[in-house]
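work_39.txt follows; it contains compact mmCIF, C-alpha atoms and all ligand atoms.
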# COMPACT_ATOMS: atom_id res chain seq x y z
CA MET A 204 -12.54 15.63 -21.23
CA LEU A 205 -10.16 12.70 -21.22
CA LYS A 206 -11.40 9.77 -23.32
CA LEU A 207 -11.74 6.81 -20.93
CA HIS A 208 -13.22 4.28 -23.34
CA GLY A 209 -13.36 3.67 -27.06
CA ASN A 210 -14.11 1.16 -29.79
CA ALA A 211 -11.20 -0.46 -31.56
CA LEU A 212 -10.63 1.03 -35.01
CA ASP A 213 -9.02 -2.23 -35.98
CA SER A 214 -8.60 -5.35 -33.88
CA ASN A 215 -7.06 -8.78 -34.05
CA ILE A 216 -7.82 -9.63 -30.46
CA VAL A 217 -9.64 -12.74 -29.20
CA VAL A 218 -11.00 -12.63 -25.63
CA GLY A 219 -14.00 -14.68 -24.44
CA SER A 220 -15.26 -12.02 -22.06
CA ARG A 221 -14.07 -8.66 -20.64
CA GLN A 222 -10.45 -9.06 -19.68
CA LEU A 223 -8.08 -6.84 -17.69
CA PHE A 224 -4.61 -5.95 -18.98
CA THR A 225 -1.87 -3.83 -17.42
CA VAL A 226 -0.28 -1.46 -19.93
CA THR A 227 3.48 -1.85 -20.36
CA ARG A 228 6.43 -0.95 -22.51
CA SER A 229 8.64 -3.51 -20.82
CA SER A 230 10.12 -6.31 -22.91
CA ALA A 231 11.81 -7.77 -19.82
CA LEU A 232 8.79 -9.60 -18.40
CA VAL A 233 8.94 -13.36 -17.92
CA ASN A 234 6.92 -15.26 -20.53
CA SER A 235 4.41 -16.66 -18.03
CA GLU A 236 3.49 -13.07 -17.00
CA LYS A 237 3.15 -11.53 -20.44
CA ARG A 238 -0.42 -12.74 -21.13
CA ARG A 239 -1.88 -10.24 -18.66
CA TYR A 240 -0.09 -7.24 -20.19
CA ALA A 241 -1.03 -4.89 -23.03
CA TYR A 242 2.20 -3.91 -24.81
CA LEU A 243 2.50 -0.34 -26.08
CA LEU A 244 3.74 -0.66 -29.66
CA ASP A 245 6.66 1.58 -30.50
CA GLY A 246 7.64 0.27 -33.93
CA MET A 247 10.35 -2.03 -32.59
CA ASP A 248 10.20 -5.81 -32.96
CA VAL A 249 8.46 -7.36 -29.98
CA ASP A 250 7.82 -10.91 -28.71
CA SER A 251 4.48 -12.46 -29.47
CA ASP A 252 3.53 -13.56 -25.94
CA TYR A 253 1.72 -10.43 -24.68
CA GLY A 254 -2.04 -10.44 -24.06
CA CYS A 255 -2.50 -7.63 -26.55
CA TYR A 256 -0.64 -4.90 -28.45
CA LEU A 257 -1.82 -1.31 -28.26
CA ASP A 258 -1.73 1.07 -31.17
CA PHE A 259 -3.44 4.46 -31.29
CA GLY A 260 -4.88 5.78 -34.53
CA GLY A 261 -2.97 3.14 -36.52
CA THR A 262 0.49 4.68 -36.02
CA HIS A 263 2.10 1.23 -36.11
CA LYS A 264 -0.13 -0.34 -38.73
CA SER A 265 2.70 -2.65 -39.81
CA SER A 266 1.98 -4.68 -36.64
CA SER A 267 -1.72 -5.15 -37.43
CA HIS A 268 -1.12 -8.76 -38.50
CA MET A 269 -0.12 -9.69 -34.92
CA ASP A 270 -2.52 -11.73 -32.78
CA GLY A 271 -3.85 -9.39 -30.10
CA TYR A 272 -3.36 -6.17 -32.15
CA LEU A 273 -5.72 -3.49 -30.83
CA ASN A 274 -5.87 -0.14 -32.58
CA LEU A 275 -7.62 2.36 -30.28
CA PRO A 276 -8.65 5.98 -30.98
CA LYS A 277 -5.65 8.31 -30.88
CA GLU A 278 -7.29 10.28 -28.01
CA MET A 279 -6.45 7.27 -25.80
CA GLY A 280 -2.76 7.56 -26.64
CA TYR A 281 -2.10 8.95 -23.16
CA LEU A 282 -2.13 5.38 -21.79
CA ALA A 283 1.12 4.73 -19.99
CA GLU A 284 3.10 2.14 -18.03
CA GLY A 285 1.02 0.66 -15.20
CA ASP A 286 -2.39 1.88 -16.40
CA ILE A 287 -5.04 -0.85 -16.54
CA ILE A 288 -7.61 -1.40 -19.27
CA SER A 289 -10.45 -3.86 -19.66
CA VAL A 290 -11.03 -5.13 -23.17
CA GLU A 291 -14.32 -6.56 -24.41
CA PRO A 292 -14.59 -9.29 -27.09
CA SER A 293 -15.69 -6.58 -29.57
CA GLY A 294 -12.39 -4.76 -29.00
CA HIS A 295 -14.05 -1.97 -27.01
CA ALA A 296 -11.58 -0.84 -24.34
CA ASN A 297 -12.25 0.86 -20.99
CA VAL A 298 -9.56 2.60 -18.96
CA VAL A 299 -10.22 1.36 -15.41
CA PHE A 300 -7.10 2.63 -13.61
CA ARG A 301 -4.53 5.33 -14.36
CA VAL A 302 -1.31 5.28 -12.34
CA LYS A 303 -0.84 9.05 -12.43
CA SER A 304 -4.42 9.95 -11.51
CA PRO A 305 -5.44 10.69 -7.91
CA HIS A 306 -9.06 10.11 -9.00
CA ASN A 307 -9.46 6.42 -9.81
CA THR A 308 -13.07 5.46 -9.13
CA ILE A 309 -14.29 1.93 -9.76
CA LEU A 310 -17.96 1.56 -10.71
CA LEU A 311 -19.43 -1.45 -8.88
CA THR A 312 -23.02 -1.39 -10.10
CA GLU A 313 -25.64 0.74 -11.81
CA ARG A 314 -28.39 -0.67 -9.57
CA CYS A 315 -29.70 1.61 -6.81
CA ASN A 316 -32.57 1.90 -4.33
CA HIS A 317 -32.62 5.69 -4.79
CA TYR A 318 -33.70 7.63 -7.86
CA CYS A 319 -32.13 11.01 -7.02
CA LEU A 320 -33.31 14.03 -8.99
CA MET A 321 -29.70 14.90 -9.82
CA CYS A 322 -28.23 11.39 -10.17
CA SER A 323 -25.19 11.52 -12.43
CA GLN A 324 -25.31 7.73 -13.00
CA PRO A 325 -29.02 6.96 -13.55
CA PRO A 326 -29.94 3.57 -12.04
CA LYS A 327 -30.56 0.56 -14.24
CA ASP A 328 -32.33 -2.57 -13.01
CA VAL A 329 -29.90 -5.01 -14.63
CA ASP A 330 -27.67 -7.83 -13.46
CA ASP A 331 -24.28 -6.14 -13.68
CA SER A 332 -22.56 -8.30 -11.08
CA TRP A 333 -19.72 -8.74 -13.57
CA LEU A 334 -18.66 -5.24 -12.47
CA MET A 335 -18.07 -6.62 -8.95
CA SER A 336 -16.09 -9.58 -10.36
CA GLU A 337 -13.98 -7.18 -12.41
CA ALA A 338 -13.37 -4.96 -9.37
CA MET A 339 -12.18 -8.01 -7.39
CA GLY A 340 -9.74 -8.84 -10.21
CA LEU A 341 -8.63 -5.23 -10.46
CA LEU A 342 -7.57 -5.20 -6.80
CA ASP A 343 -4.92 -7.82 -7.68
CA LEU A 344 -3.47 -5.58 -10.40
CA ILE A 345 -3.51 -2.08 -8.87
CA PRO A 346 -0.01 -1.14 -7.68
CA LYS A 347 0.48 -1.53 -3.92
CA GLU A 348 1.80 2.03 -3.57
CA THR A 349 -1.47 3.58 -4.85
CA GLY A 350 -2.55 6.34 -2.46
CA ASN A 351 -6.30 6.26 -2.94
CA ILE A 352 -9.09 4.55 -4.89
CA GLY A 353 -12.85 5.04 -4.90
CA PHE A 354 -15.79 2.66 -5.24
CA SER A 355 -19.07 4.02 -6.58
CA GLY A 356 -22.43 3.00 -7.99
CA GLY A 357 -25.38 2.84 -8.09
CA GLU A 358 -25.48 1.63 -4.55
CA PRO A 359 -22.49 -0.62 -3.78
CA THR A 360 -23.98 -2.03 -0.56
CA LEU A 361 -26.80 -3.72 -2.51
CA TYR A 362 -24.23 -6.51 -2.93
CA GLY A 363 -24.53 -7.27 0.78
CA ALA A 364 -21.91 -9.86 1.79
CA GLN A 365 -20.03 -9.40 -1.49
CA PHE A 366 -19.48 -5.74 -0.64
CA ILE A 367 -17.98 -6.80 2.71
CA GLU A 368 -15.71 -9.25 0.81
CA LEU A 369 -14.60 -6.48 -1.53
CA ILE A 370 -13.53 -4.14 1.28
CA SER A 371 -11.81 -7.08 3.01
CA LYS A 372 -9.93 -7.89 -0.16
CA ALA A 373 -9.00 -4.21 -0.64
CA LYS A 374 -7.46 -4.25 2.85
CA LYS A 375 -5.43 -7.39 2.08
CA SER A 376 -4.37 -6.49 -1.48
CA LEU A 377 -3.76 -2.77 -0.95
CA PRO A 378 -3.07 -2.39 2.78
CA THR A 379 -1.86 1.22 2.58
CA THR A 380 -4.36 2.50 0.01
CA ALA A 381 -7.12 4.80 1.29
CA ILE A 382 -10.60 3.83 0.08
CA ASP A 383 -13.55 6.15 -0.58
CA VAL A 384 -16.96 4.51 -0.99
CA LEU A 385 -20.04 6.40 -2.22
CA SER A 386 -23.13 4.94 -0.57
CA ASN A 387 -26.58 6.16 0.44
CA GLY A 388 -25.88 4.60 3.84
CA ARG A 389 -29.24 2.84 4.20
CA ARG A 390 -27.79 -0.68 4.33
CA PHE A 391 -25.93 0.31 7.50
CA SER A 392 -29.23 0.75 9.35
CA ASP A 393 -28.91 -3.05 9.65
CA LEU A 394 -26.72 -3.42 12.72
CA GLN A 395 -25.43 -6.86 11.70
CA PHE A 396 -24.28 -5.53 8.34
CA THR A 397 -22.52 -2.61 10.06
CA GLN A 398 -20.86 -5.02 12.50
CA ALA A 399 -19.58 -7.15 9.59
CA TYR A 400 -18.25 -4.03 7.85
CA ALA A 401 -16.62 -2.73 11.06
CA ALA A 402 -15.05 -6.15 11.71
CA ILE A 403 -12.91 -5.73 8.58
CA ASN A 404 -11.14 -3.02 10.54
CA HIS A 405 -9.91 -1.26 7.41
CA PRO A 406 -7.40 1.39 8.48
CA ASP A 407 -8.59 4.06 6.03
CA CYS A 408 -11.99 3.51 4.46
CA LEU A 409 -14.34 6.50 4.25
CA LEU A 410 -18.05 6.16 3.45
CA GLY A 411 -19.42 9.22 1.64
CA ILE A 412 -23.13 9.37 2.49
CA PRO A 413 -25.56 12.09 1.35
CA ILE A 414 -28.02 13.97 3.54
CA TYR A 415 -29.76 16.58 1.42
CA SER A 416 -31.96 18.19 4.06
CA ASP A 417 -32.73 18.20 7.76
CA ASP A 418 -36.36 17.82 6.70
CA PRO A 419 -37.00 14.08 6.12
CA VAL A 420 -39.75 14.78 3.59
CA ARG A 421 -37.46 16.98 1.50
CA HIS A 422 -34.56 14.51 1.65
CA ASP A 423 -36.88 11.66 0.62
CA TYR A 424 -38.24 13.79 -2.24
CA ILE A 425 -34.74 14.59 -3.53
CA VAL A 426 -33.72 10.91 -3.47
CA GLN A 427 -37.21 9.82 -4.62
CA SER A 428 -37.54 7.14 -1.96
CA SER A 429 -39.73 7.27 1.12
CA GLY A 430 -38.15 6.29 4.43
CA ALA A 431 -34.67 7.05 3.07
CA PHE A 432 -33.83 9.80 5.56
CA ASP A 433 -34.58 7.65 8.63
CA GLU A 434 -32.55 4.68 7.36
CA THR A 435 -29.64 6.86 6.28
CA VAL A 436 -29.41 8.64 9.63
CA ARG A 437 -29.68 5.30 11.49
CA GLY A 438 -26.95 3.95 9.21
CA ILE A 439 -24.63 6.84 10.06
CA LEU A 440 -25.33 6.42 13.79
CA ASN A 441 -24.54 2.67 13.57
CA LEU A 442 -21.32 3.34 11.66
CA LYS A 443 -20.11 5.88 14.19
CA LYS A 444 -21.06 3.54 17.06
CA TYR A 445 -18.42 1.24 15.59
CA ASN A 446 -15.94 4.07 14.92
CA GLN A 447 -16.17 3.87 11.15
CA LYS A 448 -15.24 6.89 9.02
CA VAL A 449 -18.18 8.81 7.56
CA GLU A 450 -18.34 11.85 5.31
CA ILE A 451 -21.68 13.58 4.78
CA ARG A 452 -22.16 14.88 1.24
CA ILE A 453 -24.65 17.62 0.39
CA VAL A 454 -25.18 18.46 -3.28
CA ILE A 455 -26.33 22.07 -3.55
CA HIS A 456 -29.21 22.88 -5.91
CA LYS A 457 -32.59 24.62 -5.93
CA GLN A 458 -34.19 21.81 -3.86
CA SER A 459 -31.50 21.64 -1.15
CA ILE A 460 -30.35 25.27 -0.89
CA GLU A 461 -33.42 26.51 1.01
CA ARG A 462 -32.52 24.45 4.08
CA LEU A 463 -28.76 24.21 3.64
CA VAL A 464 -27.98 26.19 6.79
CA GLN A 465 -30.56 24.23 8.84
CA THR A 466 -29.16 20.98 7.45
CA CYS A 467 -25.68 21.94 8.64
CA GLU A 468 -27.16 22.86 12.03
CA PHE A 469 -28.87 19.45 12.15
CA ILE A 470 -25.54 17.76 11.42
CA ALA A 471 -23.80 19.85 14.07
CA ARG A 472 -26.40 19.01 16.71
CA ASN A 473 -27.04 15.35 15.91
CA LEU A 474 -24.07 14.02 13.93
CA LEU A 475 -21.23 16.12 15.30
CA PHE A 476 -18.94 13.08 15.31
CA VAL A 477 -18.86 12.63 11.50
CA ASP A 478 -15.39 12.91 9.98
CA HIS A 479 -16.09 15.40 7.21
CA VAL A 480 -18.88 17.31 5.49
CA ALA A 481 -18.64 18.10 1.76
CA LEU A 482 -20.78 20.90 0.31
CA MET A 483 -20.84 20.13 -3.39
CA GLY A 484 -21.72 21.96 -6.61
CA LEU A 485 -23.98 20.29 -9.15
CA GLU A 486 -22.65 18.09 -11.97
CA MET A 487 -24.58 18.35 -15.26
CA MET A 488 -24.84 14.63 -15.90
CA GLY A 489 -27.59 12.03 -16.01
CA PHE A 490 -30.89 13.09 -14.44
CA THR A 491 -29.62 16.61 -13.67
CA ARG A 492 -29.94 17.50 -17.32
CA ALA A 493 -33.53 16.23 -17.47
CA ASN A 494 -34.47 18.02 -14.21
CA LEU A 495 -32.41 21.14 -14.81
CA ASP A 496 -35.29 23.61 -14.39
CA SER A 497 -36.09 22.34 -10.91
CA LEU A 498 -32.40 22.03 -9.89
CA TRP A 499 -30.34 24.83 -11.38
CA ILE A 500 -29.51 27.86 -9.30
CA ASP A 501 -26.62 30.16 -10.14
CA PRO A 502 -23.97 29.79 -7.39
CA ILE A 503 -23.72 33.57 -7.19
CA GLU A 504 -27.30 33.61 -5.85
CA TYR A 505 -26.44 31.32 -2.94
CA LYS A 506 -22.94 32.44 -2.06
CA ASP A 507 -24.04 34.12 1.19
CA THR A 508 -26.03 31.02 2.21
CA LEU A 509 -22.96 28.90 1.46
CA SER A 510 -20.86 31.17 3.67
CA GLU A 511 -23.41 30.82 6.47
CA ALA A 512 -23.50 27.01 6.16
CA VAL A 513 -19.69 26.78 6.23
CA ALA A 514 -19.60 29.10 9.25
CA VAL A 515 -21.98 26.78 11.13
CA LEU A 516 -19.81 23.72 10.45
CA ASN A 517 -16.61 25.60 11.28
CA ALA A 518 -18.11 26.95 14.50
CA TYR A 519 -18.84 23.40 15.68
CA GLY A 520 -15.36 22.21 14.73
CA ILE A 521 -16.61 19.90 11.97
CA ARG A 522 -14.10 19.40 9.14
CA ALA A 523 -15.87 20.83 6.09
CA SER A 524 -15.00 21.37 2.43
CA VAL A 525 -16.58 23.23 -0.46
CA TYR A 526 -16.27 21.11 -3.61
CA ASN A 527 -17.04 21.71 -7.30
CA HIS A 528 -17.31 25.50 -7.14
CA GLN A 529 -15.64 28.27 -9.14
CA LEU A 530 -13.44 30.60 -7.13
CA CYS A 531 -15.07 33.80 -8.46
CA LEU A 532 -18.50 32.61 -7.28
CA VAL A 533 -17.73 32.09 -3.58
CA ASN A 534 -17.16 34.63 -0.83
CA PRO A 535 -13.59 35.02 0.47
CA ASP A 536 -14.67 33.70 3.89
CA VAL A 537 -15.11 30.15 2.53
CA LEU A 538 -11.61 30.01 1.00
CA PRO A 539 -10.10 28.07 3.96
CA ASN A 540 -12.66 25.34 3.12
CA TYR A 541 -12.39 25.64 -0.68
CA VAL A 542 -11.01 22.54 -2.44
CA LYS A 543 -10.14 21.93 -6.10
CA SER A 544 -12.07 18.70 -6.27
CA ILE A 545 -13.24 17.90 -9.79
CA SER A 546 -11.63 14.69 -11.09
CA ASP A 547 -8.80 15.42 -13.53
CA TRP A 548 -10.40 13.61 -16.48
CA LYS A 549 -13.53 15.81 -16.44
CA ASN A 550 -12.11 19.14 -15.24
CA GLU A 551 -12.07 22.10 -17.66
CA PHE A 552 -12.16 25.89 -17.85
CA VAL A 553 -14.29 28.15 -20.04
CA ASP A 554 -13.10 30.93 -22.36
CA GLU A 555 -14.03 33.62 -19.81
CA CYS A 556 -11.25 32.20 -17.58
CA ASN A 557 -8.43 32.92 -20.03
CA PRO A 558 -7.33 36.25 -18.48
CA CYS A 559 -7.91 35.13 -14.86
CA GLN A 560 -4.88 35.50 -12.62
CA ARG A 561 -6.16 33.00 -10.06
CA LYS A 562 -6.87 30.13 -12.44
CA SER A 563 -4.31 27.92 -10.71
CA GLU A 564 -6.22 28.30 -7.41
CA CYS A 565 -9.62 27.67 -9.01
CA GLY A 566 -11.41 24.31 -9.15
CA GLY A 567 -12.84 25.10 -12.60
CA PHE A 568 -15.80 23.31 -14.14
CA PHE A 569 -17.09 19.86 -14.86
CA SER A 570 -16.78 19.18 -18.60
CA SER A 571 -20.55 18.64 -18.55
CA SER A 572 -21.16 22.14 -17.10
CA LYS A 573 -19.14 23.67 -19.89
CA ILE A 574 -21.46 21.98 -22.40
CA HIS A 575 -24.83 22.28 -20.66
CA ARG A 576 -24.98 25.06 -18.05
CA TYR A 577 -22.74 27.27 -16.02
CA SER A 578 -23.08 30.62 -14.28
CA ASP A 579 -23.62 33.80 -16.26
CA ASN A 580 -21.53 35.54 -13.60
CA ILE A 581 -18.01 34.19 -14.19
CA SER A 582 -15.68 37.10 -13.54
CA PRO A 583 -11.93 36.65 -13.95
CA PHE A 584 -9.60 38.06 -11.32
CA ILE A 585 -7.55 40.71 -13.13
CA GLY A 586 -5.04 43.17 -11.75
S1 LIG A 601 -12.74 33.29 -13.96
FE1 LIG A 601 -12.57 31.10 -14.27
S2 LIG A 601 -10.55 30.56 -13.45
FE2 LIG A 601 -11.07 32.58 -12.63
S3 LIG A 601 -12.05 32.15 -10.70
FE3 LIG A 601 -13.69 32.32 -12.19
S4 LIG A 601 -14.06 30.25 -12.89
FE4 LIG A 601 -12.08 30.26 -11.85
Rewrite the coordinates I just gave you, this time as structure tokens.
Ligand code: SF4
Amino acid sequence: MLKLHGNALDSNIVVGSRQLFTVTRSSALVNSEKRRYAYLLDGMDVDSDYGCYLDFGGTHKSSSHMDGYLNLPKEMGYLAEGDIISVEPSGHANVVFRVKSPHNTILLTERCNHYCLMCSQPPKDVDDSWLMSEAMGLLDLIPKETGNIGFSGGEPTLYGAQFIELISKAKKSLPTTAIDVLSNGRRFSDLQFTQAYAAINHPDCLLGIPIYSDDPVRHDYIVQSSGAFDETVRGILNLKKYNQKVEIRIVIHKQSIERLVQTCEFIARNLLFVDHVALMGLEMMGFTRANLDSLWIDPIEYKDTLSEAVAVLNAYGIRASVYNHQLCLVNPDVLPNYVKSISDWKNEFVDECNPCQRKSECGGFFSSSKIHRYSDNISPFIG
């Protein structure tokens, strides 16, 4: 797994609060610009006007006397021109944007009004509104040619009007960048909020909203919040009334698999106009690990059910994808819907995959699955 944050091994940096810096090797920047850049040390003499100077594992220790020197773990040495980091007063650095990654997701909050059994980012009841301020600042720094960024939580819409401002700013700052937002959709049951969101008229903003069952009681149990199903469905209906893009996301586990086919039938009958449905494998993070016994089911046990669910969506002409699954654990009939979806920084393979001749077509594993739980039925394609 790629290391996305780390404590400084050695630091001479003074910042009052978390501060964003764009990584650069350029010595041709005008002086007034240099303060917002983190210069990648390469052993050559360099001006002293940059916001900070990045070293990895102390390779350029001779520069450690410089104001702004920041010696990060060598595993973060992949940082390159245009990447963006946020640096805390302690010298702790977080990688918040990587130019070469198609999977840049910006965390907006850890607060949430759900408490999902399999939440990968367990909610915290804290004031973390600084994350929203940082995201606003980040939009000014992300390169205009960026193809796609994501916003996640927690529940981003808990910010209310500030969330609307964020999407507005994303449209102005990055007019050709597609946006993916992960939301439970409940806030959109408020028609006025949906109208304000729709009024932004973002050309390419997709809301990824989960529905875990056609049975309201089961959905509410999975998200641990009563009344969630009704508000989420009303939210989706409001969004589509105003022609907003919606993706329905179904995480597959022991609690959702029993009614997966019926859930897809429910979507086909009642929400046919959604833009995409994602059928997703389980990530072994956060609450999933604590609730593993009530969630884990080997994908080989549900591969026929998955085929049936995909067939329902395909039959109704709904665009559908199978995410986060290993190629050897799905039936060939779902391959037209199979997508290699796991974000690059947490995507790995296990030793059993070494001889597999179809590894390049396979989505592989979450790093967390490799550590905590994966199928006993991995079978490499050979010959
Ligand atoms: S053996 Fe590994 S690489 Fe091959 S299909 Fe299965 S999970 Fe993928």
Smallest atom-to-atom distance to A:Ser429: which of A:Lys264, A:His317, A:Lys277, A:Arg301, using all atoms listed in the file?
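Among the listed residues, A:His317 lies closest to A:Ser429.
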Sorted by chain and rising residue number, which residues of chain A lie within 9 Å of ligand LIG 601 (chain A), and what are their closest atom pairs and distances in Å to one decimal, counting all atoms listed in the file, as JSON lines?
{"residue": "A:His528", "atom": "CA", "partner": "A:LIG601", "partner_atom": "S4", "distance": 8.1}
{"residue": "A:Gln529", "atom": "CA", "partner": "A:LIG601", "partner_atom": "S4", "distance": 4.5}
{"residue": "A:Leu530", "atom": "CA", "partner": "A:LIG601", "partner_atom": "S3", "distance": 4.1}
{"residue": "A:Cys531", "atom": "CA", "partner": "A:LIG601", "partner_atom": "S3", "distance": 4.1}
{"residue": "A:Leu532", "atom": "CA", "partner": "A:LIG601", "partner_atom": "FE3", "distance": 6.9}
{"residue": "A:Phe552", "atom": "CA", "partner": "A:LIG601", "partner_atom": "FE1", "distance": 6.3}
{"residue": "A:Val553", "atom": "CA", "partner": "A:LIG601", "partner_atom": "FE1", "distance": 6.7}
{"residue": "A:Asp554", "atom": "CA", "partner": "A:LIG601", "partner_atom": "FE1", "distance": 8.1}
{"residue": "A:Glu555", "atom": "CA", "partner": "A:LIG601", "partner_atom": "S1", "distance": 6.0}
{"residue": "A:Cys556", "atom": "CA", "partner": "A:LIG601", "partner_atom": "FE1", "distance": 3.7}
{"residue": "A:Asn557", "atom": "CA", "partner": "A:LIG601", "partner_atom": "S2", "distance": 7.3}
{"residue": "A:Pro558", "atom": "CA", "partner": "A:LIG601", "partner_atom": "S1", "distance": 7.6}
{"residue": "A:Cys559", "atom": "CA", "partner": "A:LIG601", "partner_atom": "FE2", "distance": 4.6}
{"residue": "A:Gln560", "atom": "CA", "partner": "A:LIG601", "partner_atom": "FE2", "distance": 6.8}
{"residue": "A:Arg561", "atom": "CA", "partner": "A:LIG601", "partner_atom": "FE2", "distance": 5.6}
{"residue": "A:Lys562", "atom": "CA", "partner": "A:LIG601", "partner_atom": "S2", "distance": 3.8}
{"residue": "A:Ser563", "atom": "CA", "partner": "A:LIG601", "partner_atom": "S2", "distance": 7.3}
{"residue": "A:Glu564", "atom": "CA", "partner": "A:LIG601", "partner_atom": "FE4", "distance": 7.6}
{"residue": "A:Cys565", "atom": "CA", "partner": "A:LIG601", "partner_atom": "FE4", "distance": 4.6}
{"residue": "A:Gly566", "atom": "CA", "partner": "A:LIG601", "partner_atom": "FE4", "distance": 6.6}
{"residue": "A:Gly567", "atom": "CA", "partner": "A:LIG601", "partner_atom": "FE4", "distance": 5.3}
{"residue": "A:Phe568", "atom": "CA", "partner": "A:LIG601", "partner_atom": "S4", "distance": 7.3}
{"residue": "A:Asn580", "atom": "CA", "partner": "A:LIG601", "partner_atom": "FE3", "distance": 8.6}
{"residue": "A:Ile581", "atom": "CA", "partner": "A:LIG601", "partner_atom": "FE3", "distance": 5.1}
{"residue": "A:Ser582", "atom": "CA", "partner": "A:LIG601", "partner_atom": "S1", "distance": 4.8}
{"residue": "A:Pro583", "atom": "CA", "partner": "A:LIG601", "partner_atom": "S1", "distance": 3.5}
{"residue": "A:Phe584", "atom": "CA", "partner": "A:LIG601", "partner_atom": "FE2", "distance": 5.8}
{"residue": "A:Ile585", "atom": "CA", "partner": "A:LIG601", "partner_atom": "FE2", "distance": 8.9}
For A:Ser336, the nearest of the candidates A:Asn441, A:Ser220, A:Thr397, A:Thr508, counting only C-alpha atoms
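For A:Ser336, the nearest of the candidates is A:Ser220.
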Which protein, DNA or RNA residues have an atom at most 10 Å from (-20.3, 21.2, -19.1), counting all atoms listed in the file? List them as a ChimeraX atom specification.
/A:204,486-488,549-553,568-577
Just want the 10 Å neighbourhood of A:Gly209, counted on all atoms listed in the file, with same-chain residues fewer than 6 positions away dropped. Output as a ChimeraX atom specification.
/A:275-279,290,294-298
Hey, can you pull every residue with an atom no more than 7 Å from (2.7, -3.2, -24.9), using all atoms listed in the file, and send it as a short mmCIF file (atom, residue, chain, number, x, y, z; two decimals) with C-alpha atoms, in the frame of the given file?
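Saved as selection.cif:
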data_model
loop_
_atom_site.label_atom_id
_atom_site.label_comp_id
_atom_site.auth_asym_id
_atom_site.auth_seq_id
_atom_site.Cartn_x
_atom_site.Cartn_y
_atom_site.Cartn_z
CA VAL A 226 -0.28 -1.46 -19.93
CA THR A 227 3.48 -1.85 -20.36
CA ARG A 228 6.43 -0.95 -22.51
CA TYR A 240 -0.09 -7.24 -20.19
CA ALA A 241 -1.03 -4.89 -23.03
CA TYR A 242 2.20 -3.91 -24.81
CA LEU A 243 2.50 -0.34 -26.08
CA LEU A 244 3.74 -0.66 -29.66
CA TYR A 256 -0.64 -4.90 -28.45
CA LEU A 257 -1.82 -1.31 -28.26
#
Using all atoms listed in the file, determine which residues lie at most 10 Å from stretch 500-505 of chain A, disregarding the query and same-chain residues fewer than 2 positions distant; provide the list as number ranges by chain.
A: 455-458, 460-461, 463, 484-485, 495-498, 507-511, 528-529, 531-534, 576-581
Work out how far atom CA of A:Asn274 is from atom CA of A:Phe259, in Å to one decimal.
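Calculated distance between atom CA of A:Phe259 and atom CA of A:Asn274 is 5.4 Å.
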Residue contacts of A:Lys303 (10 Å, all atoms listed in the file) excluding same-chain residues fewer than 5 positions away, as a PyMOL selection string
chain A and resi 283-286+349
Expected file contents, prior selection, C-alpha atoms, as a PDB file, in the frame of the given file:
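This went into part-v3.pdb:
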ATOM      1  CA  ALA A 283       1.120   4.730 -19.990  1.00  0.00           C
ATOM      2  CA  GLU A 284       3.100   2.140 -18.030  1.00  0.00           C
ATOM      3  CA  GLY A 285       1.020   0.660 -15.200  1.00  0.00           C
ATOM      4  CA  ASP A 286      -2.390   1.880 -16.400  1.00  0.00           C
ATOM      5  CA  THR A 349      -1.470   3.580  -4.850  1.00  0.00           C
TER       6      THR A 349
END
Just give me the gap between atom CA of A:Gly350 and atom CA of A:Val480 in Å, one decimal is fine.
21.2 Å
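Distances here use only C-alpha atoms; by that measure, the residue among A:Ser304, A:Ser355, A:Asn387, A:Asn527 closest to A:Asp547 is A:Ser304.
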Can you pull out the residues contacting A:His422? Cut-off 12 Å, using all atoms listed in the file, and skip same-chain residues under 6 positions away; I want them as an MDAnalysis selection string.
chainID A and resid 317:320 387 413:416 428:436 453:454 458:460 462:463 466
Dump as a short mmCIF file (atom, residue, chain, number, x, y, z; two decimals), in the coordinates of the input, selection limited to C-alpha atoms:
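And here's again19.cif as it stands now:
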data_model
loop_
_atom_site.label_atom_id
_atom_site.label_comp_id
_atom_site.auth_asym_id
_atom_site.auth_seq_id
_atom_site.Cartn_x
_atom_site.Cartn_y
_atom_site.Cartn_z
CA HIS A 317 -32.62 5.69 -4.79
CA TYR A 318 -33.70 7.63 -7.86
CA CYS A 319 -32.13 11.01 -7.02
CA LEU A 320 -33.31 14.03 -8.99
CA ASN A 387 -26.58 6.16 0.44
CA PRO A 413 -25.56 12.09 1.35
CA ILE A 414 -28.02 13.97 3.54
CA TYR A 415 -29.76 16.58 1.42
CA SER A 416 -31.96 18.19 4.06
CA SER A 428 -37.54 7.14 -1.96
CA SER A 429 -39.73 7.27 1.12
CA GLY A 430 -38.15 6.29 4.43
CA ALA A 431 -34.67 7.05 3.07
CA PHE A 432 -33.83 9.80 5.56
CA ASP A 433 -34.58 7.65 8.63
CA GLU A 434 -32.55 4.68 7.36
CA THR A 435 -29.64 6.86 6.28
CA VAL A 436 -29.41 8.64 9.63
CA ILE A 453 -24.65 17.62 0.39
CA VAL A 454 -25.18 18.46 -3.28
CA GLN A 458 -34.19 21.81 -3.86
CA SER A 459 -31.50 21.64 -1.15
CA ILE A 460 -30.35 25.27 -0.89
CA ARG A 462 -32.52 24.45 4.08
CA LEU A 463 -28.76 24.21 3.64
CA THR A 466 -29.16 20.98 7.45
#
Gap from atom CA of A:Asn446 to atom CA of A:Leu311 - Å, one decimal:
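Atom-to-atom, atom CA of A:Asn446 to atom CA of A:Leu311, that is 24.7 Å.
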For a quick check of understanding, using all atoms listed in the file, which of A:Gly363, A:Arg239, A:Leu410, A:Lys374 has the smallest distance to A:Arg390?
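Smallest distance to A:Arg390 is found for A:Gly363.
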